[in-house]
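Source file: work37.cif; contents: mmCIF, C-alpha atoms.
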```
data_protein
#
loop_
_atom_site.label_atom_id
_atom_site.label_comp_id
_atom_site.auth_asym_id
_atom_site.auth_seq_id
_atom_site.Cartn_x
_atom_site.Cartn_y
_atom_site.Cartn_z
CA MET D 19 112.46 79.75 72.36
CA MET D 20 112.78 83.53 71.96
CA THR D 21 112.69 85.72 75.05
CA GLU D 22 111.76 89.41 75.09
CA GLN D 23 111.10 91.82 77.93
CA GLU D 24 107.47 90.83 78.48
CA GLU D 25 106.87 88.07 75.93
CA LEU D 26 107.82 84.43 75.45
CA THR D 27 107.43 82.54 72.20
CA PHE D 28 107.45 78.74 72.29
CA GLU D 29 108.06 76.75 69.15
CA ALA D 30 105.33 74.37 68.00
CA LEU D 31 105.46 71.02 69.77
CA PRO D 32 105.57 67.81 67.69
CA PRO D 33 102.56 65.46 67.65
CA SER D 34 102.22 63.21 70.69
CA GLN D 35 99.95 60.29 71.50
CA GLY D 36 98.65 58.64 74.64
CA ARG D 37 99.72 61.11 77.33
CA GLY D 38 98.01 63.60 79.57
CA PHE D 39 98.60 67.30 79.12
CA ALA D 40 99.36 68.31 82.71
CA HIS D 41 101.11 66.46 85.52
CA THR D 42 101.89 69.22 88.04
CA TRP D 43 99.15 70.43 90.37
CA TRP D 44 99.22 73.93 88.86
CA GLY D 45 99.09 72.57 85.29
CA ARG D 46 96.08 70.45 86.25
CA ALA D 47 94.44 73.51 87.85
CA TRP D 48 94.81 75.37 84.54
CA GLN D 49 93.31 72.42 82.65
CA LYS D 50 90.46 72.19 85.18
CA ALA D 51 89.63 75.89 84.66
CA LEU D 52 89.17 75.15 80.95
CA GLU D 53 87.17 71.94 81.43
CA ASP D 54 84.92 73.44 84.11
CA THR D 55 84.15 76.35 81.77
CA VAL D 56 83.62 74.30 78.59
CA LEU D 57 81.02 71.68 79.44
CA ASP D 58 80.78 70.33 75.86
CA GLY D 59 82.68 67.04 76.03
CA THR D 60 82.78 66.71 72.23
CA LEU D 61 84.40 70.14 71.87
CA LEU D 62 87.00 69.29 74.50
CA ARG D 63 87.75 65.96 72.83
CA ARG D 64 88.33 67.72 69.50
CA GLY D 65 90.59 70.25 71.20
CA ARG D 66 92.69 67.47 72.76
CA LYS D 67 92.88 65.71 69.41
CA HIS D 68 94.16 68.87 67.66
CA ALA D 69 96.68 69.52 70.44
CA ARG D 70 98.04 65.95 70.27
CA ALA D 71 98.17 66.04 66.45
CA GLY D 72 100.54 69.04 66.42
CA ALA D 73 97.87 71.38 65.02
CA VAL D 74 98.89 74.21 67.38
CA GLY D 75 101.68 76.39 66.00
CA ALA D 76 104.17 78.54 67.90
CA VAL D 77 102.62 79.94 71.08
CA ALA D 78 103.20 83.58 72.07
CA VAL D 79 102.68 84.31 75.77
CA ARG D 80 102.18 87.92 76.85
CA PRO D 81 100.59 89.56 79.87
CA GLY D 82 96.91 88.78 79.66
CA ARG D 83 97.02 86.92 76.34
CA LEU D 84 98.02 83.66 74.62
CA THR D 85 98.22 83.57 70.83
CA ALA D 86 98.82 80.81 68.28
CA ARG D 87 97.74 79.69 64.82
CA VAL D 88 95.68 76.50 65.09
CA LEU D 89 94.82 74.20 62.19
CA GLY D 90 91.22 73.08 62.04
CA ALA D 91 89.93 69.72 60.86
CA ASP D 92 89.91 71.02 57.27
CA ARG D 93 93.55 72.23 57.65
CA THR D 94 92.47 75.88 57.70
CA ALA D 95 94.70 77.95 59.98
CA TYR D 96 92.96 80.28 62.44
CA ARG D 97 94.49 82.91 64.65
CA THR D 98 93.46 81.83 68.14
CA ASP D 99 93.74 83.84 71.36
CA VAL D 100 92.94 83.07 74.98
CA LEU D 101 92.70 86.06 77.30
CA VAL D 102 93.70 85.74 80.95
CA GLN D 103 92.83 88.26 83.67
CA GLN D 104 95.96 90.19 84.77
CA LEU D 105 96.69 91.09 88.37
CA ASP D 106 96.48 94.79 89.13
CA ASP D 107 99.28 96.74 90.84
CA ALA D 108 97.79 96.25 94.32
CA ASP D 109 97.56 92.48 93.75
CA TRP D 110 101.19 92.38 92.62
CA GLU D 111 102.31 94.31 95.70
CA ARG D 112 100.62 91.76 97.96
CA LEU D 113 101.94 88.83 95.94
CA LEU D 114 105.51 90.14 95.95
CA ASP D 115 105.33 90.66 99.72
CA THR D 116 104.04 87.10 100.11
CA ILE D 117 106.88 85.62 98.04
CA ALA D 118 109.53 87.79 99.68
CA ASP D 119 108.37 86.78 103.16
CA ARG D 120 109.51 83.18 102.60
CA ALA D 121 112.83 82.34 101.02
CA GLY D 122 111.47 78.91 100.18
CA HIS D 123 108.97 80.40 97.73
CA ILE D 124 111.73 82.15 95.78
CA ALA D 125 113.91 79.03 95.76
CA ALA D 126 111.02 76.89 94.50
CA LEU D 127 110.21 79.28 91.65
CA LEU D 128 113.84 79.40 90.58
CA ASP D 129 113.72 75.59 90.51
CA ARG D 130 110.68 75.84 88.20
CA ASP D 131 108.36 74.60 90.94
CA MET D 132 105.29 76.17 92.52
CA PRO D 133 104.65 74.80 96.01
CA PRO D 134 100.98 74.59 97.05
CA GLU D 135 101.89 76.73 100.08
CA LEU D 136 102.61 79.66 97.74
CA ASP D 137 99.08 79.45 96.34
CA GLU D 138 97.67 79.17 99.89
CA ASP D 139 99.69 82.15 101.14
CA ALA D 140 98.72 84.21 98.09
CA ALA D 141 95.04 83.38 98.66
CA ALA D 142 95.38 84.42 102.30
CA ALA D 143 96.72 87.76 101.02
CA GLY D 144 93.73 88.13 98.68
CA VAL D 145 95.45 87.16 95.42
CA SER D 146 94.26 84.36 93.12
CA LEU D 147 97.24 82.96 91.23
CA LEU D 148 95.42 80.32 89.22
CA PRO D 149 92.44 80.95 86.97
CA GLY D 150 89.00 79.65 87.82
CA ILE D 151 85.75 78.99 85.98
CA GLY D 152 85.21 81.60 83.24
CA ASP D 153 88.63 83.25 83.63
CA LEU D 154 89.89 82.02 80.23
CA GLN D 155 88.21 84.19 77.58
CA PRO D 156 88.35 83.00 73.93
CA GLU D 157 88.94 84.90 70.68
CA CYS D 158 89.21 82.86 67.49
CA GLY D 159 89.22 83.63 63.76
CA CYS D 160 86.82 80.75 63.13
CA GLY D 161 83.96 83.03 64.13
CA GLU D 162 82.77 81.24 67.28
CA TRP D 163 81.79 83.68 70.00
CA ASP D 164 82.58 81.23 72.80
CA HIS D 165 85.25 78.59 73.28
CA CYS D 166 85.81 76.43 70.21
CA GLU D 167 87.97 73.41 69.44
CA HIS D 168 90.83 75.76 68.47
CA THR D 169 90.89 77.70 71.76
CA ALA D 170 90.55 74.38 73.62
CA ALA D 171 93.55 72.97 71.71
CA LEU D 172 95.63 76.04 72.57
CA SER D 173 94.64 75.86 76.24
CA TYR D 174 95.48 72.14 76.49
CA LEU D 175 98.90 72.73 74.94
CA VAL D 176 99.62 75.61 77.32
CA ALA D 177 99.05 73.18 80.23
CA ARG D 178 102.26 71.41 79.09
CA LEU D 179 104.14 74.71 79.00
CA LEU D 180 102.97 75.51 82.53
CA ASP D 181 104.13 72.08 83.71
CA ALA D 182 107.68 72.94 82.62
CA ASP D 183 107.80 76.52 83.89
CA PRO D 184 105.37 78.22 86.35
CA PHE D 185 106.86 81.61 85.34
CA VAL D 186 104.69 81.25 82.23
CA LEU D 187 101.63 81.59 84.47
CA LEU D 188 103.09 84.65 86.21
CA LEU D 189 103.81 86.25 82.83
CA MET D 190 100.19 85.70 81.81
CA ARG D 191 99.17 87.35 85.08
CA GLY D 192 101.22 90.43 84.14
CA ARG D 193 104.94 90.14 84.89
CA GLY D 194 107.76 88.21 83.29
CA GLU D 195 110.53 86.37 85.08
CA ALA D 196 113.21 89.10 84.78
CA ARG D 197 110.97 91.84 86.12
CA LEU D 198 109.57 89.64 88.87
CA LEU D 199 113.01 88.65 90.14
CA ALA D 200 114.22 92.26 89.95
CA ASP D 201 111.23 93.38 92.05
CA LEU D 202 111.94 90.66 94.61
CA GLN D 203 115.64 91.59 94.78
CA GLU D 204 114.72 95.26 95.32
CA ARG D 205 112.36 94.29 98.13
CA SER D 206 114.96 92.11 99.82
CA ALA D 207 117.57 94.88 99.66
CA ALA D 208 115.15 97.45 101.12
CA ARG D 209 114.23 95.15 103.99
CA ALA D 210 117.88 94.47 104.77
CA GLU D 211 118.56 98.22 105.04
CA GLN D 212 115.66 98.71 107.44
CA GLU D 213 116.68 95.95 109.81
CA THR D 214 118.18 97.37 113.01
CA GLY D 215 118.68 96.09 116.52
CA PRO D 216 115.79 96.41 118.98
CA ALA D 217 115.57 99.80 120.60
CA VAL D 218 116.13 99.96 124.36
CA ALA D 219 113.06 101.43 126.02
CA ALA D 220 113.64 104.20 128.55
CA GLY D 221 112.55 103.55 132.13
CA VAL D 222 109.05 104.70 133.19
CA ARG D 223 107.89 105.39 136.77
CA ALA D 224 105.22 102.95 137.95
CA ASP D 225 102.75 105.69 138.98
CA GLU D 226 103.13 107.36 135.57
CA ALA D 227 102.57 104.04 133.80
CA TYR D 228 99.35 103.39 135.76
CA ALA D 229 98.11 106.93 135.15
CA ALA D 230 98.71 106.82 131.39
CA PRO D 231 95.75 105.89 129.12
CA PRO D 232 95.85 102.34 127.87
CA SER D 233 97.69 101.72 124.62
CA PRO D 234 95.63 100.68 121.58
CA LEU D 235 95.34 96.99 120.95
CA PRO D 236 97.85 95.56 118.49
CA PRO D 237 96.58 94.65 115.02
CA ALA D 238 95.06 91.23 114.51
CA ALA D 239 97.47 88.39 113.91
CA GLY D 240 98.45 87.77 110.30
CA PRO D 241 99.19 84.53 108.47
CA VAL D 242 101.77 82.23 110.03
CA ALA D 243 104.58 81.38 107.62
CA GLU D 244 105.52 78.04 109.17
CA ALA D 245 103.87 75.66 111.59
CA GLY D 246 105.44 75.71 115.04
CA THR D 247 108.18 73.23 115.86
CA PRO D 248 106.77 70.62 118.24
CA PRO D 249 108.62 69.96 121.50
CA VAL D 250 110.79 66.92 121.94
CA LEU D 251 109.03 64.77 124.52
CA THR D 252 111.77 62.22 125.06
CA GLY D 253 113.91 62.83 128.11
CA GLY D 254 116.17 61.08 130.54
CA THR D 255 113.44 58.85 131.96
CA GLU D 256 111.65 56.01 130.27
CA PRO D 257 108.03 56.77 129.23
CA ALA D 258 105.16 55.14 131.07
CA ALA D 259 104.12 51.70 129.91
CA GLY D 260 101.92 51.82 126.83
CA LEU D 261 102.86 55.41 125.93
CA ASP D 262 104.22 55.75 122.38
CA VAL D 263 106.19 59.00 122.56
CA ALA D 264 106.79 59.12 118.79
CA ALA D 265 103.04 58.85 118.15
CA LEU D 266 102.35 61.66 120.64
CA GLU D 267 104.99 63.89 119.01
CA PHE D 268 103.40 63.16 115.64
CA LEU D 269 99.98 64.23 116.93
CA VAL D 270 101.44 67.48 118.27
CA ALA D 271 103.13 68.24 114.93
CA ASP D 272 99.98 67.36 112.99
CA THR D 273 97.93 69.68 115.21
CA ALA D 274 100.35 72.56 114.56
CA VAL D 275 100.13 72.09 110.79
CA ARG D 276 96.32 71.96 110.87
CA ALA D 277 96.15 75.04 113.13
CA ARG D 278 98.25 77.01 110.65
CA ARG D 279 96.00 75.94 107.78
CA LEU D 280 92.86 76.89 109.74
CA LEU D 281 94.33 80.33 110.48
CA ALA D 282 95.15 80.85 106.78
CA ASP D 283 91.58 79.89 105.86
CA ALA D 284 90.15 82.24 108.48
CA LEU D 285 92.20 85.16 107.11
CA ALA D 286 91.26 84.50 103.49
CA PRO D 287 89.15 87.32 101.94
CA ASP D 288 86.23 85.02 101.09
CA HIS D 289 86.19 83.20 104.44
CA ALA D 290 82.87 84.68 105.61
CA GLY D 291 81.00 83.40 102.55
CA ALA D 292 82.83 80.10 102.19
CA PRO D 293 80.89 76.92 103.03
CA LEU D 294 81.84 75.12 106.21
CA PRO D 295 84.24 72.23 105.57
CA ARG D 296 82.73 68.80 106.01
CA GLU D 297 83.90 67.19 109.23
CA LEU D 298 85.96 64.03 108.72
CA THR D 299 84.92 60.75 110.25
CA GLU D 300 87.36 58.91 112.50
CA SER D 301 88.15 56.52 109.66
CA GLN D 302 88.80 59.35 107.18
CA ASP D 303 90.94 61.28 109.66
CA ALA D 304 92.99 58.15 110.38
CA VAL D 305 93.77 57.83 106.66
CA ARG D 306 94.67 61.52 106.49
CA MET D 307 97.09 61.11 109.41
CA ALA D 308 98.54 57.93 107.89
CA ALA D 309 99.23 59.83 104.67
CA THR D 310 100.98 62.54 106.70
CA ALA D 311 103.02 59.98 108.65
CA LYS D 312 104.09 58.12 105.50
CA SER D 313 105.33 61.36 103.92
CA ALA D 314 108.04 61.42 106.60
CA GLY D 315 109.65 58.31 105.13
CA PRO D 316 108.84 55.09 103.33
CA GLY D 317 109.42 52.85 106.34
CA GLY D 318 111.58 51.85 109.27
CA GLY D 319 115.31 52.01 108.97
CA THR D 320 115.36 54.68 106.25
CA GLU D 321 117.32 57.89 106.45
CA ALA D 322 114.06 59.90 106.63
CA ASP D 323 112.54 57.55 109.24
CA PRO D 324 115.52 56.02 111.05
CA ASP D 325 113.61 54.52 113.99
CA GLY D 326 110.60 53.34 111.97
CA SER D 327 108.18 55.56 113.94
CA ALA D 328 106.27 56.65 110.82
CA ALA D 329 105.71 53.03 109.83
CA ARG D 330 104.56 52.13 113.37
CA ILE D 331 102.10 55.02 113.40
CA ALA D 332 100.64 53.92 110.05
CA VAL D 333 100.24 50.36 111.38
CA ARG D 334 98.46 51.60 114.53
CA LEU D 335 96.10 53.73 112.46
CA ALA D 336 95.35 50.78 110.16
CA ARG D 337 94.50 48.51 113.10
CA GLY D 338 92.35 51.17 114.71
CA THR D 339 90.18 51.44 111.60
CA GLY D 340 89.95 47.73 110.82
CA ARG D 341 92.23 47.85 107.77
CA ASP D 342 95.13 45.58 106.99
CA ARG D 343 98.46 46.97 105.75
CA GLY D 344 97.53 46.73 102.08
CA GLY D 345 94.13 48.28 102.71
CA MET D 346 95.70 51.26 104.48
CA GLU D 347 98.28 51.73 101.72
CA ARG D 348 95.51 51.84 99.11
CA ALA D 349 93.50 54.21 101.29
CA VAL D 350 96.51 56.53 101.66
CA ARG D 351 97.04 56.51 97.91
CA ALA D 352 93.37 57.35 97.33
CA TRP D 353 93.59 60.17 99.89
CA ARG D 354 96.64 61.70 98.23
CA HIS D 355 94.85 61.70 94.88
CA GLY D 356 91.55 63.14 96.08
CA GLY D 357 91.11 63.48 99.84
CA ALA D 358 87.83 62.28 101.32
CA ALA D 359 86.21 62.09 97.87
CA GLY D 360 88.98 59.81 96.58
CA LEU D 361 88.70 57.60 99.66
CA ALA D 362 84.94 57.25 99.17
CA VAL D 363 85.43 56.13 95.56
CA LEU D 364 87.85 53.44 96.79
CA GLU D 365 85.85 52.09 99.72
CA ASP D 366 82.17 53.00 99.26
CA ASP D 367 79.65 51.63 96.80
CA TRP D 368 77.01 54.02 95.50
CA THR D 369 74.10 53.70 93.13
CA PRO D 370 73.62 56.70 90.83
CA ASP D 371 70.15 57.86 89.90
CA PRO D 372 69.09 57.32 86.26
CA ALA D 373 70.00 60.89 85.26
CA ALA D 374 73.54 60.60 86.67
CA LEU D 375 74.03 57.22 85.02
CA ALA D 376 72.83 58.65 81.70
CA ARG D 377 75.33 61.52 81.98
CA ALA D 378 78.14 59.07 82.63
CA THR D 379 77.14 56.91 79.66
CA ASP D 380 76.98 59.98 77.38
CA GLN D 381 80.44 61.11 78.50
CA LEU D 382 81.89 57.68 77.74
CA ALA D 383 80.30 57.69 74.30
CA ALA D 384 81.74 61.11 73.45
CA ALA D 385 85.20 60.59 74.95
CA TRP D 386 86.75 58.61 72.07
CA ASP D 387 86.45 58.30 68.33
CA PRO D 388 84.84 55.00 67.33
CA ASP D 389 88.15 53.66 65.99
CA THR D 390 90.08 54.46 69.19
CA ARG D 391 87.48 53.63 71.84
CA PRO D 392 88.77 50.94 74.25
CA ARG D 393 86.62 47.95 75.03
CA LEU D 394 84.98 48.66 78.39
CA ARG D 395 83.06 46.24 80.60
CA ALA D 396 80.60 47.94 82.98
CA THR D 397 79.93 46.83 86.54
CA GLY D 398 77.79 49.35 88.40
CA THR D 399 79.73 52.62 88.39
CA ARG D 400 82.98 50.96 87.31
CA TRP D 401 84.15 50.48 83.73
CA THR D 402 87.07 48.08 83.21
CA ALA D 403 89.25 48.29 80.08
CA VAL D 404 89.30 44.65 78.99
CA GLY D 405 92.81 43.22 78.88
CA ARG D 406 94.46 46.55 79.81
CA GLY D 407 94.69 46.33 83.60
CA ALA D 408 92.93 49.70 83.84
CA GLN D 409 89.60 50.80 85.25
CA LEU D 410 87.48 53.94 85.46
CA ARG D 411 85.29 54.65 88.47
CA TYR D 412 82.53 57.25 88.24
CA GLY D 413 82.28 59.20 91.48
CA PRO D 414 79.28 60.94 93.09
CA ASP D 415 80.99 64.26 92.22
CA GLY D 416 80.68 63.50 88.49
CA ARG D 417 84.42 62.99 87.99
CA TRP D 418 86.27 59.95 86.66
CA TRP D 419 88.85 58.23 88.86
CA PRO D 420 91.57 56.06 87.28
CA TYR D 421 92.48 52.68 88.80
CA ARG D 422 95.23 50.17 87.99
CA LYS D 423 95.20 46.45 88.71
CA GLU D 424 98.13 45.39 90.89
CA GLY D 425 98.11 41.64 91.30
CA THR D 426 94.47 40.87 92.01
CA THR D 427 93.59 44.23 93.56
CA TRP D 428 92.41 47.47 91.99
CA THR D 429 94.39 50.44 93.32
CA PRO D 430 94.05 54.22 92.78
CA ALA D 431 96.30 55.34 89.91
CA GLY D 432 95.96 59.13 89.79
CA PRO D 433 93.82 62.19 90.44
CA PRO D 434 90.32 62.46 88.97
CA ALA D 435 89.43 64.11 85.69
CA PRO D 436 86.12 65.42 84.33
CA ASP D 437 86.81 63.55 81.09
CA PRO D 438 86.97 59.71 81.08
CA ALA D 439 89.54 59.59 78.27
CA ALA D 440 91.94 61.82 80.20
CA ALA D 441 91.51 59.72 83.36
CA LEU D 442 92.11 56.43 81.53
CA ALA D 443 95.18 57.87 79.79
CA THR D 444 96.73 58.37 83.23
CA VAL D 445 96.82 54.57 83.64
CA LEU D 446 97.57 53.50 80.08
CA GLU D 447 100.50 55.87 79.51
CA ASP D 448 102.29 54.42 82.56
CA ALA D 449 101.60 50.83 81.58
#
```
Can the structure in the file be given as structure tokens, please?
Amino acid sequence: MMTEQEELTFEALPPSQGRGFAHTWWGRAWQKALEDTVLDGTLLRRGRKHARAGAVGAVAVRPGRLTARVLGADRTAYRTDVLVQQLDDADWERLLDTIADRAGHIAALLDRDMPPELDEDAAAAGVSLLPGIGDLQPECGCGEWDHCEHTAALSYLVARLLDADPFVLLLMRGRGEARLLADLQERSAARAEQETGPAVAAGVRADEAYAAPPSPLPPAAGPVAEAGTPPVLTGGTEPAAGLDVAALEFLVADTAVRARRLLADALAPDHAGAPLPRELTESQDAVRMAATAKSAGPGGGTEADPDGSAARIAVRLARGTGRDRGGMERAVRAWRHGGAAGLAVLEDDWTPDPAALARATDQLAAAWDPDTRPRLRATGTRWTAVGRGAQLRYGPDGRWWPYRKEGTTWTPAGPPAPDPAAALATVLEDA
């Protein structure tokens, strides 16, 4: 890899088979921007095939542009470019302030990680880090005016580069790693110089204070960097019978986290026009809380959960919703992969209308070449790969959800994908 001031060049990657292109959440977001823009499943399949076959040459990444030579099916090499919208100076000022406000953001980037909180905080400041539908503009020597199999191949390959280094995304948005870190260091130094002790206010006579005009109201509250630390409710006395103090502390902490997220949403620039979020049912909210509790530790007696409170909370939530332990674990896994939509695919049966079923059948037919298509057995909206321990479920949202057979039970195996081949690969590559 060659590094210049504002350009990175990545050597061509060797051919690879049977693996997805993106595994990080930001790499998948890049891939989703491509697939939501290019609705032609056949074109996307050809692009994936070229990318896996090593048809994409060295990739040059510059602000606003990706460039590579891509071999077509007839082995003709085409110069292929994908243009990405750069952030303007005002956007960069807000983004740099957002990153500098939290040391954790800088540490994560240096560790080649991009926490979801950074994307949330940037959105609250009015900056879109990740591209959306239509943000990837194609230019290809093959003559196509829109996306073609060559620009799709380049975009799929770049998803792997983003997985390894989120600074690649920031370079596309306009600034390379060296410049970005220098700007952050300059900001940190300037803030350190400005920090002084609180000034001591001079005394004011009471009659003068009452006679003075009222001071202007302070500006509206801004985003909250961290959720508040919940109080410790345990004390010197034993709690009342039937009161689970750990569960109550968990509810307080969960409320603080949700309040911070609601505030960030309310301060987002597009909040006024955003649709109202769908209210969760009691059963859905119980699964959400169980997923939060389990993230504290895998079970009782662990270093992260020494007294087993997280495990007890998950058990109580399972009982309250009529699930057994295994059912709640599968529900939590589904929630982590897709929230309420993922939970519905696990637990609800739905009957698509003829048009939706026809779209699903067409997508399956176009997803693989005839010589590589797995043998699938259909049952309603579920297609099982015979003898492979893998299953695809077609959701009401038009996405494909991968499932893996564990013992005698089908369990969620990964996040959804708009393409059935990509979703099934999630299961088969881990088999």
Q: Using the chain letters and numbers from the file, give me the residues hit by the PyMOL selection byres ((chain D and resi 28) around 7), as a ChimeraX atom specification.
A: /D:19,26-27,29-30,76-78
Q: Choose the residue, out of D:Pro420, D:Gly398, D:Gly240, D:Gly45, that has the smallest atom-to-atom separation from Ala282 (chain D); count all atoms listed in the file.
A: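 Among the listed residues, the smallest separation from Ala282 (chain D) belongs to D:Gly240.
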Q | Nearest residue to Val305 (chain D) from the set D:Gly338, D:Pro414, D:Pro237, D:Gly150 (distances using all atoms listed in the file) | A |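 Closest to Val305 (chain D) of all the choices is D:Gly338.
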Q: Would you please work out which residue, of D:Ala196, D:Ala378, D:Leu280, D:Val263, is nearest to Ala328 (chain D) when using only C-alpha atoms?
A: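 When distances to Ala328 (chain D) are compared using only C-alpha atoms, the smallest one comes from D:Val263.
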Q) With only C-alpha atoms as the basis for distance, which of D:Glu167, D:Ala243, D:Met190, D:Ala207 is at the shortest distance from His123 (chain D)? A)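 So, comparing all the options, the nearest one is D:Ala243.
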Q: Given the file shown, enumerate the residues that the PyMOL selection byres ((chain D and resi 362) around 10) captures and present them as a PyMOL selection string.
A: chain D and resi 302+349+352-353+356-361+363-368+413-414
Q: Tell me, in Å to one decimal, how far CA of Arg417 (chain D) is from CA of Val145 (chain D).
A: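 Calculated distance between CA of Arg417 (chain D) and CA of Val145 (chain D) is 27.6 Å.
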(Q) Once the PyMOL selection byres ((chain D and resi 201) around 12) has been evaluated on this model, what residues remain selected, and can you format them as a PyMOL selection string? (A) chain D and resi 110-111+113-115+117-118+124+193-200+202-208
Q.
Show me, as a PyMOL selection string, the residues that have an atom within 9 Å of Gly432 (chain D) when counting only C-alpha atoms, minus same-chain residues fewer than 5 positions from it.
A. chain D and resi 351-352+354-356+419-421+441+444-445
Filtering to C-alpha atoms, could you give me those residues as a PDB file, keeping the file's coordinate frame?
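Result saved to part-v5.pdb:
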```
ATOM      1  CA  ARG D 351      97.040  56.510  97.910  1.00  0.00           C
ATOM      2  CA  ALA D 352      93.370  57.350  97.330  1.00  0.00           C
ATOM      3  CA  ARG D 354      96.640  61.700  98.230  1.00  0.00           C
ATOM      4  CA  HIS D 355      94.850  61.700  94.880  1.00  0.00           C
ATOM      5  CA  GLY D 356      91.550  63.140  96.080  1.00  0.00           C
ATOM      6  CA  TRP D 419      88.850  58.230  88.860  1.00  0.00           C
ATOM      7  CA  PRO D 420      91.570  56.060  87.280  1.00  0.00           C
ATOM      8  CA  TYR D 421      92.480  52.680  88.800  1.00  0.00           C
ATOM      9  CA  ALA D 441      91.510  59.720  83.360  1.00  0.00           C
ATOM     10  CA  THR D 444      96.730  58.370  83.230  1.00  0.00           C
ATOM     11  CA  VAL D 445      96.820  54.570  83.640  1.00  0.00           C
TER      12      VAL D 445
END
```
